[in-house]
Amino acid sequence: ERELDFEDTYRGECAAYELDKLLGLGMVPATVERVISGERGAVVLWIDNAITEGQRREQSLNPPDAEAWSHQIFKMRLFDNLIYNTDRNLGNSLITADWHLRLIDHTRSFRKNASLRSPDQLVRFSRSLLDAMAALDEPVLRDRLGRYISVWQIKALLERRDRLIALAKQRAAERGEVVYYP
């Protein structure tokens with residue numbers, strides 16, 4: 001199946017890192033744009049002693065703090081919906097030795113589609129992440145992400161942001177304050 005406006009580019013890696021910094025998420029490894037041997041691309045900080053989510057499942061490893069782990073998973077899902085990541089899989093969610101989630105491979109993100117990718121997976125929300133998302137505005141995003149993604153991708157990101165905030169409020173109205181965590 002072919003996707004409309006499909007792009008697989010290193011620029012998504014750089015944009016994801018810049019957005020992660022704006023949001024204070026701390027889940028996307030440091031990423032910079034570089035030219036190496038005449039090829040422009042992204043250089044991403046290597047995460048030592050990490051395993052993939054797939055390896056964690058194969059080895060039946062459980063996090064020492066199930067609630068903290070759950071909060072990280074919900075933040076990942078929120079971030080992936082915000083950037084419209086179409087390629088999150090068991091191989092590009094890394095787990096550090098101290099059980100911190102690190103998100104890699106954002107080359108297929110930042111679509112021009114303003115809809116949410118998987119809103120059914122969004123049942124709990126980090127208040128701090130929602131607050132940081134609410135503070136985003138187009139001038140700041142153009143300044144920090146504009147060299148990596150288009151103005152149309154930024155506008156779609158902001159529309160998805162608005163939908164995510166509205167969804168969080170809807171879930172809270174349906175289920176109570178339990179949908180929020182710090």
# chains A, B, ... in the order shown; residues from 1 in each chain; ligands from 1
call {"tool": "select_by_dssp", "arguments": {"residues": "segment 41-178 of chain A", "states": "helix (DSSP H, G or I)", "output": "JSON, numbers by chain"}}
result
{"A": [53, 54, 55, 56, 57, 58, 66, 67, 68, 69, 70, 71, 72, 73, 74, 75, 76, 77, 78, 79, 80, 81, 82, 83, 119, 120, 121, 127, 128, 129, 130, 131, 132, 133, 134, 138, 139, 140, 141, 142, 143, 144, 145, 151, 152, 153, 154, 155, 156, 157, 158, 159, 160, 161, 162, 163, 164, 165, 166, 167, 168, 169, 170, 171, 172, 173, 174, 175, 177, 178]}
call {"tool": "residues_around", "arguments": {"residues": "Gly26 of chain A", "least_positions_apart": "2", "cutoff": "12 Å", "atoms": "only C-alpha atoms", "output": "CSV table (one decimal) with C-alpha atoms, in the first residue's frame"}}
result
chain,number,residue,atom,x,y,z
A,16,ALA,CA,12.3,14.9,16.4
A,17,TYR,CA,15.4,15.7,18.6
A,18,GLU,CA,14.7,19.5,18.4
A,19,LEU,CA,11.0,18.9,19.3
A,20,ASP,CA,12.0,16.6,22.1
A,21,LYS,CA,14.2,19.4,23.6
A,22,LEU,CA,11.4,21.9,23.2
A,23,LEU,CA,9.0,19.6,25.1
A,24,GLY,CA,11.6,18.6,27.8
A,28,VAL,CA,15.2,11.2,21.7
A,29,PRO,CA,19.0,10.8,21.7
A,30,ALA,CA,21.1,13.9,20.6
A,72,GLN,CA,7.1,6.4,29.6
A,75,LYS,CA,4.6,9.6,26.6
A,76,MET,CA,6.0,7.7,23.6
A,79,PHE,CA,4.9,12.0,21.1
A,100,HIS,CA,14.7,4.7,30.5
A,101,LEU,CA,13.0,4.6,27.1
A,102,ARG,CA,14.9,6.1,24.2
A,103,LEU,CA,13.2,6.7,20.9
A,129,LEU,CA,4.1,17.0,28.4
call {"tool": "select_by_dssp", "arguments": {"residues": "segment 54-171 of chain A", "states": "strand (DSSP E or B)", "output": "ChimeraX atom specification"}}
result
/A:93-95,101-103,125-126
call {"tool": "write_last_selection", "arguments": {"atoms": "C-alpha atoms", "output": "CSV table (one decimal), in the first residue's frame"}}
result
chain,number,residue,atom,x,y,z
A,93,SER,CA,12.3,1.7,21.1
A,94,LEU,CA,15.5,1.3,23.1
A,95,ILE,CA,15.6,0.6,26.9
A,101,LEU,CA,13.0,4.6,27.1
A,102,ARG,CA,14.9,6.1,24.2
A,103,LEU,CA,13.2,6.7,20.9
A,125,PHE,CA,-1.6,11.7,29.6
A,126,SER,CA,1.4,13.4,31.2
call {"tool": "closest_residue", "arguments": {"among": "A:Leu25, A:Arg127, A:Pro63, A:Tyr84", "to": "Lys169 of chain A", "atoms": "only C-alpha atoms"}}
result
A:Arg127
call {"tool": "atom_distance", "arguments": {"atom1": "atom CA of Ser128 of chain A", "atom2": "atom CA of Leu157 of chain A"}}
result
18.3 Å
call {"tool": "closest_residue", "arguments": {"among": "A:Arg11, A:Asp80, A:Gln121, A:Arg57", "to": "Met27 of chain A", "atoms": "only C-alpha atoms"}}
result
A:Asp80
call {"tool": "closest_residue", "arguments": {"among": "A:Pro182, A:Ala168, A:Pro139, A:Glu53", "to": "Ala68 of chain A", "atoms": "only C-alpha atoms"}}
result
A:Pro182
call {"tool": "residues_around", "arguments": {"residues": "Arg40 of chain A", "least_positions_apart": "3", "cutoff": "12 Å", "atoms": "only C-alpha atoms", "output": "list in words"}}
result
Thr9, Tyr10, Arg11, Cys14, Val32, Glu33, Arg34, Val35, Ile36, Ser37 and Val43 of chain A
call {"tool": "residues_around", "arguments": {"residues": "Arg160 of chain A", "least_positions_apart": "5", "cutoff": "12 Å", "atoms": "only C-alpha atoms", "output": "number ranges by chain"}}
result
A: 78-85, 110-119, 133-134, 136, 153-155, 165-167
call {"tool": "atom_distance", "arguments": {"atom1": "atom CA of Val151 of chain A", "atom2": "atom CA of Glu138 of chain A"}}
result
8.7 Å
call {"tool": "closest_residue", "arguments": {"among": "A:Ile47, A:Glu177, A:Gly54, A:Ser60", "to": "Arg124 of chain A", "atoms": "only C-alpha atoms"}}
result
A:Glu177
call {"tool": "closest_residue", "arguments": {"among": "A:Leu130, A:Ala66, A:Ile51, A:Leu158", "to": "Arg142 of chain A", "atoms": "only C-alpha atoms"}}
result
A:Leu158
call {"tool": "atom_distance", "arguments": {"atom1": "atom CA of Glu13 of chain A", "atom2": "atom CA of Thr86 of chain A"}}
result
13.2 Å
